Amino acid sequence: MQASKYFTHKLSQFPGYPSITHERDACGVGFIARLNQKSSNQVITQALNALTCMEHRGGCSADKISGDGAGITLQIPWDLLINEGFDIATSSNLNFSNYGIAMIFVSEDDIDAIKKIFEWVLEEYNLQLIDWRTVPVNSSVLGEQAKINEPSVIQCIVKSNELFEESLEKLLYILRKKIEKLVSQTNINDIKQFYICSFSSRIIVYKGMVRSEVLSKYYQDLSNQLYFSKFAVYHRRFSTNTMPKWSLAQPMRFMAHNGEINTLLGNLNWAKSKESLLKNSDWSSVSEILSPVTNLENSDSANLDAVLELFIHSGKDPQEALMILIPEAYKNQPALNDFPEIVDFYEYYSNIQEPWDGPALVVFSNGNFVGATLDRNGLRPARYIITNDDLISLSSETGVFEIDPSSIIQKGRLGPGQMICIDLINDTIMDNWFLKKEISQKYPYKQWISDHQQSLFKQEYLKDLNLDKFQISRWHTAFGYTNEDVELVIEHMASSAKEPTFCMGDDTPLAILSDKPHLLYDYFKQRFAQVTNPAIDPLRESLVMSLITYLGPKGNIFMPNALMAKSIKINSPIINERELSKLYDFNFSIVKISSFINKKQLFQDIRSQIIEICNSCCQAIENGAEIIILSDNTDNLDIEKIFVSPLLLVGTVHHYLIKKQLRHKVSIIVETAQCWTTHHFALLIGYGASAICPYLAFLTVRQWWHNSRTQKLMATGKLPKLGIEESQDNYRSAIEKGLLKILSKMGISLLSSYHGAQIFEILGLGQEIVDLAFCGTISRLGGMNLSEFYFDSVKSYNLAFVKELPKKLPNLGYVQYRPSAEYHVNNPEMSKTLHKAVRNTDSLLYSKYKVSLNNRKPANLRDLLQLNSDRKSIPLEQVESIQSIMKRFCTGGMSLGALSRETHETLAIAMNRIGGKSNSGEGGEDPIRFQVINDIDELGLSERFSYLKGLKPNDRASSAIKQIASGRFGVTPEYLVNAEQLEIKLAQGAKPGEGGQLPGKKVSPYIAELRNCKPGVTLISPPPHHDIYSIEDLAQLIFDLHQINPNAKVSVKLVASIGIGTIAAGVAKGNADIIQVSGHDGGTGASPLSSIKHAGVPWELGLTEVHQTLVQNSLRNRVILRVDGGLRTGKDVILAALMGAEEFGFGTVAMIATGCVMARICHTNNCPVGVATQRQDLRNRYPGIPSDLVNFFIFLAEEVREMLAELGYSNLKDIIGLAKLFKFSSSNLTKTQNLNLDVLLNDTSNNKQLSFHQNVHTNGEVLDDILLKKVNIINAINSQSNVIQNIEIVNTDRCVGARISGLITKMYGKDKFNGNLQLNFNGSAGQSFGAFISKGMYFNLKGDANDYVGKGMNGGEIIIYPPLNESIHVSNQVIIGNTCLYGATGGYLFANGQAGERFAVRNSLGHAVVEGVGDHACEYMTGGLIVVLGTAGRNIGAGMTGGLAYFLDEDDTLLSKLNNEIVKAQRIITHEGQEQVKNLIELYEIKTKSIRARYILDNWSIFVVKFWQIVPPSEVETAFTSLEYSSYQSIAKY
């Protein structure tokens, strides 16, 4: 549904569409079905029990009683209704198939009005109203927030005398849509409470804002013994938005969804455009009733359900519909080699239907089928069992209900893109390949594609320069290129095939605040994934990524036919000049439309000229155009005309055609000179372009190549020798890699899903421009209107027509500091002044530093705010002390490795002196730092810390905050228990949604030792998507950390972006103690330049949104709020406090205070002052001492005190959240006076009394606590003796062992405990079983376990095996979940069965044997030993830089599944290698009694030759992998 102008205007006041910014959730989900038996009450009871066992996967509101939502879908309880006396009579052959029932939420005041509407519509469609039923409920079990919003729940029972089965289902769908439309047009009092949960002849949905265990207590039907069902679909919701909404509880009408659709806005736009296709289908007579199919105000789950519902009622089974909507990653999938027809199915629909992309486990049912499908990345757990009495259960976790293990005949899991389906009519189970093969044979897709789909293959690049140097300079000037764009960006990409890398963050003004010219692109910020969905690694997990797109019209998906395959397939959206020309050779109608308009027209006529171009596009479509090229390419630049910004034009045309419902009929190609960075391409594609021809960028590359200087550099070896074609191809390749990174940071895999998805936020454009071209995109600040932007563009364009063009393009200093160019906050003058001030303790110099920053031109949003107190000033002595204020200060998370040892420890010592907190970053920490430095002499020197200067008695170099990032480098039990705070790094301000890497030259032997890796080998830090799939997985990690160190506060670091408030609400409900909001301008050791410049938003917006959301949802007192990102002065601290911050982080400025000179070469390892390097010669130059930083913070705190006195407040805490104390001043703005900071000023929480979080949250009593109360166990720990204990365990027992390990490590340190704790468990273990266990801990589990087994384990053993009486083939059964052994730093894991996805990710020293793994095994591994004795998924060894793995390959498929970018596979060629793997298998067999291991060992000579050894470069020269280093001449014979 396209938003009204009024609604989009409101976007400038509110954060955005609920579906995009407010309604985010994750959850536990599943189904149970029983075949070959009648419906029973037992199925319902088991489903409700399963739901209760997943309570921890849900969330609760601030009252801790109201659930975020729970629900269940069942067959309709006809027997129960008949027993209650309802007139439902049926003959045995009809089986109630002519009856239907609606489940309705409605306000009590509106019941009569709703009933009248229902009755009127039923009469119109000739349906008989049997009766109304008030659903019996028990409201006393509801929490306060749920009760406030509780609707009345009624049912409407109807009968048809003419229609049955599918025909009746279809009519009930039409009825529901008509009723909803009528209700929306009436003056019903509380229309938001009206919601039809289901209206069907087969299924009914019971749901509400309740916790799992309360559902059956609230709905009394569910505890009625007369309620029978053959299946149940259940769902427990964890919503990041805590405002209770009963309608958002799940299941929806046909599905229950655990995940998030990242491409939602694009999906909704395309759905809107395609609604016109309903008129040309079986729906033609009711198309007006069905439209709109989707709704921007609904959640992503509700919208996906709405489209699924339409597909189902259009004749598709739910499994076919979901194959189309959520396709698997079918490219490069070896398993599909045997099913080419499935590939053809996906290929056919990929042109017609853009995927709904994002992490998703979807459980579905239409009453005839029940099943589940998983997204292409497998980013949600899905475990299933099948029993010998035909019970099938699938759930987010295993062990969710009691069952006799001997009855189980299969234990499995859904892998990425897989599906399972139960045919309830024919009582059959359809596995993934069977059902997909059956569906894909419905039509001759292969023939259709072969006949009608064409491919645009790569064409040669142009070689000549069609313009001379002077003309090229004119074109560059006209289209806004600067010297930096050409030399730092385009030429870099042409020579290296990579995006340029930069460091230290962005310290220049926002585009709207800058007095320099900026392109329209610069007003957009890329959005990214954090918490509610994971980012993806586009390099190591490229198998799920694709830039393929299709040109041509999109056909009617409701009526598939051969002609709908007509399309042009292109492998990249970036096409060169010859490829653009080649399109005319295909049998497509192509129209090129110029983007130039008449410059002499009055400003107010700009809009009409742009609309005229839109009308030309409409006319072209009416005349049969299938591809439209919007082009600013012209023979000669004309001063009388000006091009319309390609972004403005493509967005306008795209939305104009959507409104006209013509968009699906045509593809848009942009041929433009004004597009050269990855950000530019992403925006054009995000707003509707299918392909872009950046002809001037290619010309710029050719000009660079022809330049004599370039040729000379190539000749001398300073540049690689490249041909002119290769240079242009490098440029295109760099853009393609950059696009994949931009997609992946939002968790999107496919360009076809990103196309039109508008995943950006606007900073500085007014609503006029947004409504015209970017409808649906958030623009909270208002800003330039169309005429202001046009005036700015004309001014820049006219520079191309001056009499004498400058010899070089202007260098405006957007990237690198230059005098008289763009303002940089971290300029040399500021750095020098600060150095002198802190080294000399000179308050006058600090005042100079302060004034230079406070009186600058606006660079940040806070620079537009003036303090305006409501009180008289008070004497300074009445204000809290410097020491009290400094306790609120922290340093940023900067790792040891990125920083030198000297810098890292100096920062920690300084912060410990002032009572503040330093942050370790993600590189681990040397245990020597955990204790007080006790050997300091009178000169301030220490023998143990000989490289440090200026030490004082009682100094400690331990970082109070210890970071846990996705790389898990150095995260050991010892590290964790020595923290005051544990910070989960979900995103980084300079590159949110991305991982990173530490170059090999920075990995010194010392750094390698701390990180458990190999010296000199580049370390990959993945984006956070391994144990942080979702909000419930983040809650689990928070739980894990509270387990191992119950005294440490747990913080979660987020980066400011639209919707961060709802994310923070989820984090608060996930039991975090601290939420850190980072701004987009944070520093970094290395990051792609486009990420530094174009991702994230200012912390002012993020902090305000988080604070207000938490206050409004009564969650503010559950967390401490911390902010960081470019804080430099006391004024920054005061303003941040007024916006809600309690603590304040300082990164870049802290480094400057201790000696950093902002050389901005951190990523090169060549820092001239030893701050950010591991080179000893440079580290010797390090000038900093702890007192430098101490002096800075004393100055800063004193400035805060002075400002508090001036404001009339004695304590910093008294002004937290008091936004009324500042006002907006736009006097210094140069581009517009239309900027609006109401989002910062209109604080709705001002009148709420704040209370602040002090203590550490707890996990409540857990199994570890019970064990530690046992005298024998605590005695064994205290006396370092042996103990054996047998324990029953269930799936709600999570992170078992971590609390015990933390206690042992705290008492004895690393590896110094000499006792043996033998704990024998029986049952199904919850998540994180054995996480962080250490030496002396031995866990035996008879049963199975969920995700994260052995996460971060440091020692000991975990042995998992099935009950001996299970009547199944153990090797083929799944026994542990996803992401097991993640970040392990030691110990042994033996699991007699298969593991899920991402096994042994980032393993550094763990040893493991399992009998099968899913996708991405051994990803990012840096050490340890892994043996897999069975089947394996794809992408083995991606990013693996250390350790060894052995895979048994009995079907010769392993090589096709290997990611050979880094590792190689070889047979076992040395005696040592053979002994290594055999010894581990022998130990595994002894521990688990594995039948398969015994068989392999008994037939060793047969099996040893079937093993592949996976070898990273760092392991090549060892006795295990190379005969040259072996002590034996050949492999031993067995």
# chains A, B, ... in the order shown; residues from 1 in each chain; ligands from 1
>>> select_by_dssp(residues="segment 416-569 of chain A", states="strand (DSSP E or B)", output="list in words")
Met419, Ile420, Cys421, Ile422, Asp423, Thr428, Ile429, Met430, Gln453, Gln454, Ser455, Leu456, Thr501, Phe502, Phe524, Lys525, Gln526, Ser546, Thr549, Tyr550, Leu551, Ser567, Ile568 and Lys569 of chain A
>>> select_by_dssp(residues="segment 1127-1208 of chain A", states="helix (DSSP H, G or I)", output="compact mmCIF listing (two decimals) with N, CA and C atoms, in the first residue's frame")
# COMPACT_ATOMS: atom_id res chain seq x y z
N GLY A 1130 33.40 18.81 27.43
CA GLY A 1130 32.40 18.75 28.48
C GLY A 1130 31.02 19.07 27.95
N LYS A 1131 30.94 19.96 26.97
CA LYS A 1131 29.63 20.28 26.39
C LYS A 1131 29.02 19.05 25.74
N ASP A 1132 29.85 18.24 25.06
CA ASP A 1132 29.35 17.00 24.48
C ASP A 1132 28.76 16.11 25.57
N VAL A 1133 29.43 16.03 26.71
CA VAL A 1133 28.96 15.20 27.82
C VAL A 1133 27.62 15.72 28.33
N ILE A 1134 27.51 17.01 28.53
CA ILE A 1134 26.27 17.60 29.03
C ILE A 1134 25.12 17.34 28.06
N LEU A 1135 25.35 17.57 26.78
CA LEU A 1135 24.29 17.35 25.78
C LEU A 1135 23.89 15.88 25.71
N ALA A 1136 24.88 14.99 25.78
CA ALA A 1136 24.58 13.56 25.76
C ALA A 1136 23.75 13.17 26.98
N ALA A 1137 24.07 13.74 28.14
CA ALA A 1137 23.30 13.46 29.35
C ALA A 1137 21.86 13.94 29.20
N LEU A 1138 21.70 15.12 28.63
CA LEU A 1138 20.35 15.65 28.43
C LEU A 1138 19.53 14.77 27.49
N THR A 1148 38.75 8.15 19.97
CA THR A 1148 39.78 8.89 19.23
C THR A 1148 40.47 9.94 20.09
N VAL A 1149 39.68 10.70 20.83
CA VAL A 1149 40.28 11.79 21.61
C VAL A 1149 41.17 11.25 22.73
N ALA A 1150 40.83 10.07 23.26
CA ALA A 1150 41.69 9.46 24.28
C ALA A 1150 43.02 9.05 23.67
N MET A 1151 43.00 8.57 22.45
CA MET A 1151 44.25 8.23 21.77
C MET A 1151 45.07 9.48 21.49
N ILE A 1152 44.38 10.54 21.07
CA ILE A 1152 45.10 11.80 20.81
C ILE A 1152 45.76 12.29 22.09
N ALA A 1153 45.02 12.21 23.20
CA ALA A 1153 45.57 12.68 24.48
C ALA A 1153 46.82 11.92 24.88
N CYS A 1162 46.66 3.83 10.38
CA CYS A 1162 46.59 2.73 11.34
C CYS A 1162 46.62 1.37 10.64
N HIS A 1163 45.94 1.28 9.48
CA HIS A 1163 45.78 0.00 8.79
C HIS A 1163 47.07 -0.48 8.14
N THR A 1164 48.12 0.37 8.13
CA THR A 1164 49.36 0.00 7.44
C THR A 1164 50.42 -0.56 8.39
N GLN A 1176 58.26 -2.97 16.57
CA GLN A 1176 58.95 -2.57 17.79
C GLN A 1176 59.68 -1.24 17.63
N ASP A 1177 60.27 -1.01 16.44
CA ASP A 1177 61.01 0.25 16.25
C ASP A 1177 60.09 1.45 16.38
N LEU A 1178 58.85 1.31 15.93
CA LEU A 1178 57.90 2.42 16.05
C LEU A 1178 57.29 2.48 17.44
N ARG A 1179 57.09 1.33 18.05
CA ARG A 1179 56.55 1.32 19.43
C ARG A 1179 57.51 2.00 20.40
N PRO A 1186 50.28 7.47 31.46
CA PRO A 1186 48.90 7.50 31.97
C PRO A 1186 48.43 8.87 32.41
N SER A 1187 49.31 9.67 32.98
CA SER A 1187 48.87 10.97 33.51
C SER A 1187 48.38 11.91 32.40
N ASP A 1188 48.83 11.69 31.15
CA ASP A 1188 48.32 12.53 30.05
C ASP A 1188 46.81 12.36 29.93
N LEU A 1189 46.37 11.11 29.93
CA LEU A 1189 44.94 10.86 29.80
C LEU A 1189 44.19 11.26 31.06
N VAL A 1190 44.80 11.01 32.21
CA VAL A 1190 44.18 11.43 33.48
C VAL A 1190 43.96 12.94 33.45
N ASN A 1191 44.96 13.70 33.01
CA ASN A 1191 44.83 15.16 32.95
C ASN A 1191 43.69 15.57 32.02
N PHE A 1192 43.59 14.88 30.89
CA PHE A 1192 42.51 15.21 29.96
C PHE A 1192 41.15 15.04 30.62
N PHE A 1193 40.96 13.92 31.30
CA PHE A 1193 39.65 13.67 31.91
C PHE A 1193 39.39 14.59 33.11
N ILE A 1194 40.43 14.99 33.79
CA ILE A 1194 40.24 15.98 34.86
C ILE A 1194 39.76 17.30 34.27
N PHE A 1195 40.41 17.74 33.19
CA PHE A 1195 39.96 18.97 32.50
C PHE A 1195 38.51 18.83 32.06
N LEU A 1196 38.20 17.69 31.49
CA LEU A 1196 36.86 17.45 30.96
C LEU A 1196 35.83 17.47 32.08
N ALA A 1197 36.12 16.77 33.17
CA ALA A 1197 35.19 16.72 34.29
C ALA A 1197 34.99 18.10 34.91
N GLU A 1198 36.07 18.87 34.98
CA GLU A 1198 35.96 20.23 35.51
C GLU A 1198 35.07 21.08 34.61
N GLU A 1199 35.21 20.90 33.29
CA GLU A 1199 34.34 21.62 32.35
C GLU A 1199 32.88 21.22 32.57
N VAL A 1200 32.63 19.93 32.80
CA VAL A 1200 31.27 19.46 33.08
C VAL A 1200 30.75 20.13 34.35
N ARG A 1201 31.56 20.20 35.37
CA ARG A 1201 31.16 20.82 36.63
C ARG A 1201 30.79 22.29 36.42
N GLU A 1202 31.60 22.99 35.66
CA GLU A 1202 31.33 24.41 35.41
C GLU A 1202 30.00 24.59 34.68
N MET A 1203 29.73 23.71 33.73
CA MET A 1203 28.49 23.83 32.96
C MET A 1203 27.29 23.45 33.82
N LEU A 1204 27.44 22.47 34.68
CA LEU A 1204 26.35 22.11 35.60
C LEU A 1204 26.04 23.28 36.52
N ALA A 1205 27.09 23.93 37.03
CA ALA A 1205 26.88 25.09 37.90
C ALA A 1205 26.13 26.18 37.16
N GLU A 1206 26.52 26.42 35.92
CA GLU A 1206 25.87 27.45 35.10
C GLU A 1206 24.39 27.10 34.86
N LEU A 1207 24.12 25.81 34.69
CA LEU A 1207 22.74 25.37 34.45
C LEU A 1207 21.91 25.34 35.73
>>> residues_around(residues="Lys985 of chain A", least_positions_apart="3", cutoff="7 Å", atoms="only C-alpha atoms", output="PyMOL selection string")
chain A and resi 963-965+1052-1053
>>> write_last_selection(atoms="N, CA, C and O atoms", output="PDB file, in the first residue's frame")
ATOM      1  N   GLN A 963      35.703  -7.109  26.131  1.00  0.00           N
ATOM      2  CA  GLN A 963      34.769  -7.205  25.011  1.00  0.00           C
ATOM      3  C   GLN A 963      34.683  -8.630  24.479  1.00  0.00           C
ATOM      4  O   GLN A 963      35.671  -9.357  24.420  1.00  0.00           O
ATOM      5  N   ILE A 964      33.478  -9.006  24.100  1.00  0.00           N
ATOM      6  CA  ILE A 964      33.222 -10.287  23.437  1.00  0.00           C
ATOM      7  C   ILE A 964      32.658  -9.948  22.063  1.00  0.00           C
ATOM      8  O   ILE A 964      31.529  -9.479  21.942  1.00  0.00           O
ATOM      9  N   ALA A 965      33.461 -10.132  21.043  1.00  0.00           N
ATOM     10  CA  ALA A 965      33.031  -9.836  19.676  1.00  0.00           C
ATOM     11  C   ALA A 965      32.883 -11.138  18.911  1.00  0.00           C
ATOM     12  O   ALA A 965      33.116 -12.229  19.438  1.00  0.00           O
ATOM     13  N   VAL A1052      25.706  -4.261  25.859  1.00  0.00           N
ATOM     14  CA  VAL A1052      25.524  -4.565  24.432  1.00  0.00           C
ATOM     15  C   VAL A1052      25.777  -3.288  23.653  1.00  0.00           C
ATOM     16  O   VAL A1052      25.156  -2.252  23.921  1.00  0.00           O
ATOM     17  N   LYS A1053      26.715  -3.366  22.724  1.00  0.00           N
ATOM     18  CA  LYS A1053      27.081  -2.194  21.944  1.00  0.00           C
ATOM     19  C   LYS A1053      26.303  -2.179  20.640  1.00  0.00           C
ATOM     20  O   LYS A1053      26.407  -3.090  19.825  1.00  0.00           O
TER      21      LYS A1053
END
>>> residues_around(residues="Arg862 of chain A", least_positions_apart="3", cutoff="10 Å", atoms="only C-alpha atoms", output="list in words")
Pro858, Ala859, Leu865, Gln866, Pro1098, Trp1099, Glu1100, Leu1101, Lys1131, Asp1132, Leu1135, Ala1136, Phe1222, Phe1224, Leu1237 and Leu1240 of chain A
>>> closest_residue(among="A:Ala1065, A:Leu772, A:Ile117, A:Leu215", to="Ser184 of chain A", atoms="only C-alpha atoms")
A:Ile117
>>> residues_around(residues="Gly1217 of chain A", least_positions_apart="4", cutoff="12 Å", atoms="only C-alpha atoms", output="MDAnalysis selection string")
chainID A and resid 1103:1111 1116 1121 1134:1142 1212:1213 1221:1222 1240:1252
>>> residues_around(residues="Glu1143 of chain A", least_positions_apart="6", cutoff="8 Å", atoms="only C-alpha atoms", output="PyMOL selection string")
chain A and resi 888-890+1120-1123
>>> write_last_selection(atoms="N, CA, C and O atoms", output="PDB file, in the first residue's frame")
ATOM      1  N   ARG A 888      32.028   8.042  35.380  1.00  0.00           N
ATOM      2  CA  ARG A 888      31.115   7.809  34.257  1.00  0.00           C
ATOM      3  C   ARG A 888      31.839   7.732  32.909  1.00  0.00           C
ATOM      4  O   ARG A 888      31.209   7.541  31.885  1.00  0.00           O
ATOM      5  N   PHE A 889      33.155   7.899  32.905  1.00  0.00           N
ATOM      6  CA  PHE A 889      33.912   7.941  31.659  1.00  0.00           C
ATOM      7  C   PHE A 889      34.488   6.566  31.312  1.00  0.00           C
ATOM      8  O   PHE A 889      34.934   5.821  32.195  1.00  0.00           O
ATOM      9  N   CYS A 890      34.490   6.261  30.046  1.00  0.00           N
ATOM     10  CA  CYS A 890      35.047   4.999  29.546  1.00  0.00           C
ATOM     11  C   CYS A 890      35.856   5.300  28.291  1.00  0.00           C
ATOM     12  O   CYS A 890      35.655   6.331  27.636  1.00  0.00           O
ATOM     13  N   ILE A1120      21.682   0.722  32.120  1.00  0.00           N
ATOM     14  CA  ILE A1120      22.480   1.943  32.077  1.00  0.00           C
ATOM     15  C   ILE A1120      22.655   2.290  30.607  1.00  0.00           C
ATOM     16  O   ILE A1120      22.914   1.412  29.777  1.00  0.00           O
ATOM     17  N   LEU A1121      22.526   3.557  30.256  1.00  0.00           N
ATOM     18  CA  LEU A1121      22.741   3.995  28.873  1.00  0.00           C
ATOM     19  C   LEU A1121      24.102   4.660  28.759  1.00  0.00           C
ATOM     20  O   LEU A1121      24.418   5.585  29.507  1.00  0.00           O
ATOM     21  N   ARG A1122      24.886   4.182  27.800  1.00  0.00           N
ATOM     22  CA  ARG A1122      26.208   4.748  27.535  1.00  0.00           C
ATOM     23  C   ARG A1122      26.247   5.205  26.080  1.00  0.00           C
ATOM     24  O   ARG A1122      25.620   4.602  25.212  1.00  0.00           O
ATOM     25  N   VAL A1123      26.994   6.245  25.817  1.00  0.00           N
ATOM     26  CA  VAL A1123      27.090   6.752  24.450  1.00  0.00           C
ATOM     27  C   VAL A1123      28.550   6.957  24.094  1.00  0.00           C
ATOM     28  O   VAL A1123      29.383   7.269  24.953  1.00  0.00           O
TER      29      VAL A1123
END
>>> closest_residue(among="A:Glu491, A:Glu309, A:Asp221, A:Asp131", to="Arg253 of chain A", atoms="only C-alpha atoms")
A:Glu309
>>> residues_around(residues="Glu213 of chain A", least_positions_apart="3", cutoff="10 Å", atoms="only C-alpha atoms", output="mmCIF file with N, CA and C atoms, in the first residue's frame")
data_model
loop_
_atom_site.group_PDB
_atom_site.id
_atom_site.type_symbol
_atom_site.label_atom_id
_atom_site.label_comp_id
_atom_site.auth_asym_id
_atom_site.auth_seq_id
_atom_site.Cartn_x
_atom_site.Cartn_y
_atom_site.Cartn_z
ATOM 1 N N LEU A 48 1.191 -27.585 23.664
ATOM 2 C CA LEU A 48 1.223 -26.573 24.726
ATOM 3 C C LEU A 48 2.424 -26.786 25.643
ATOM 4 N N ASN A 49 2.766 -28.029 25.909
ATOM 5 C CA ASN A 49 3.960 -28.315 26.711
ATOM 6 C C ASN A 49 5.222 -27.866 25.980
ATOM 7 N N ALA A 50 5.270 -28.135 24.684
ATOM 8 C CA ALA A 50 6.421 -27.717 23.881
ATOM 9 C C ALA A 50 6.555 -26.198 23.903
ATOM 10 N N LEU A 51 5.428 -25.529 23.809
ATOM 11 C CA LEU A 51 5.429 -24.069 23.837
ATOM 12 C C LEU A 51 5.980 -23.559 25.170
ATOM 13 N N THR A 52 5.565 -24.198 26.250
ATOM 14 C CA THR A 52 6.055 -23.796 27.574
ATOM 15 C C THR A 52 7.556 -24.035 27.698
ATOM 16 N N CYS A 53 8.056 -25.092 27.056
ATOM 17 C CA CYS A 53 9.491 -25.395 27.127
ATOM 18 C C CYS A 53 10.329 -24.423 26.305
ATOM 19 N N MET A 54 9.685 -23.548 25.552
ATOM 20 C CA MET A 54 10.425 -22.525 24.804
ATOM 21 C C MET A 54 10.131 -21.130 25.338
ATOM 22 N N GLU A 55 9.672 -21.054 26.566
ATOM 23 C CA GLU A 55 9.380 -19.747 27.165
ATOM 24 C C GLU A 55 10.595 -18.829 27.138
ATOM 25 N N GLY A 67 3.250 -11.408 28.301
ATOM 26 C CA GLY A 67 4.177 -11.952 27.309
ATOM 27 C C GLY A 67 4.153 -11.117 26.048
ATOM 28 N N ALA A 70 2.009 -15.369 22.472
ATOM 29 C CA ALA A 70 2.077 -16.812 22.268
ATOM 30 C C ALA A 70 0.790 -17.227 21.590
ATOM 31 N N VAL A 210 0.376 -13.161 25.865
ATOM 32 C CA VAL A 210 0.556 -13.964 27.070
ATOM 33 C C VAL A 210 1.861 -14.737 26.974
ATOM 34 N N SER A 216 -2.999 -21.648 27.663
ATOM 35 C CA SER A 216 -4.111 -22.581 27.891
ATOM 36 C C SER A 216 -4.925 -22.220 29.122
ATOM 37 N N LYS A 217 -4.343 -21.409 30.010
ATOM 38 C CA LYS A 217 -5.113 -20.933 31.169
ATOM 39 C C LYS A 217 -6.032 -19.794 30.749
ATOM 40 N N TYR A 218 -5.562 -18.993 29.805
ATOM 41 C CA TYR A 218 -6.388 -17.870 29.327
ATOM 42 C C TYR A 218 -7.516 -18.389 28.440
#
>>> closest_residue(among="A:Leu394, A:Ile157, A:Leu1381, A:Val1463", to="Glu119 of chain A", atoms="only C-alpha atoms")
A:Ile157
>>> atom_distance(atom1="atom CA of Ala335 of chain A", atom2="atom CA of Leu424 of chain A")
27.8 Å
>>> atom_distance(atom1="atom CA of Lys1310 of chain A", atom2="atom CA of Gly1336 of chain A")
11.0 Å
>>> closest_residue(among="A:Leu834, A:Ile610, A:Arg913, A:Val489", to="Ile735 of chain A", atoms="only C-alpha atoms")
A:Val489
>>> closest_residue(among="A:Lys660, A:Lys115, A:Lys745, A:Lys469", to="Asp537 of chain A", atoms="only C-alpha atoms")
A:Lys745
>>> decode(residues="segment 788-800 of chain A", atoms="C-alpha atoms", output="compact mmCIF listing (two decimals), in the first residue's frame")
# COMPACT_ATOMS: atom_id res chain seq x y z
CA GLU A 788 17.23 24.56 -2.60
CA PHE A 789 18.68 21.31 -3.87
CA TYR A 790 18.26 22.44 -7.46
CA PHE A 791 20.00 25.74 -6.75
CA ASP A 792 22.88 23.85 -5.15
CA SER A 793 23.10 21.54 -8.19
CA VAL A 794 23.04 24.43 -10.69
CA LYS A 795 25.83 26.18 -8.83
CA SER A 796 28.05 23.07 -9.09
CA TYR A 797 27.05 22.36 -12.69
CA ASN A 798 27.88 25.92 -13.79
CA LEU A 799 31.48 25.48 -12.65
CA ALA A 800 31.98 23.32 -15.75
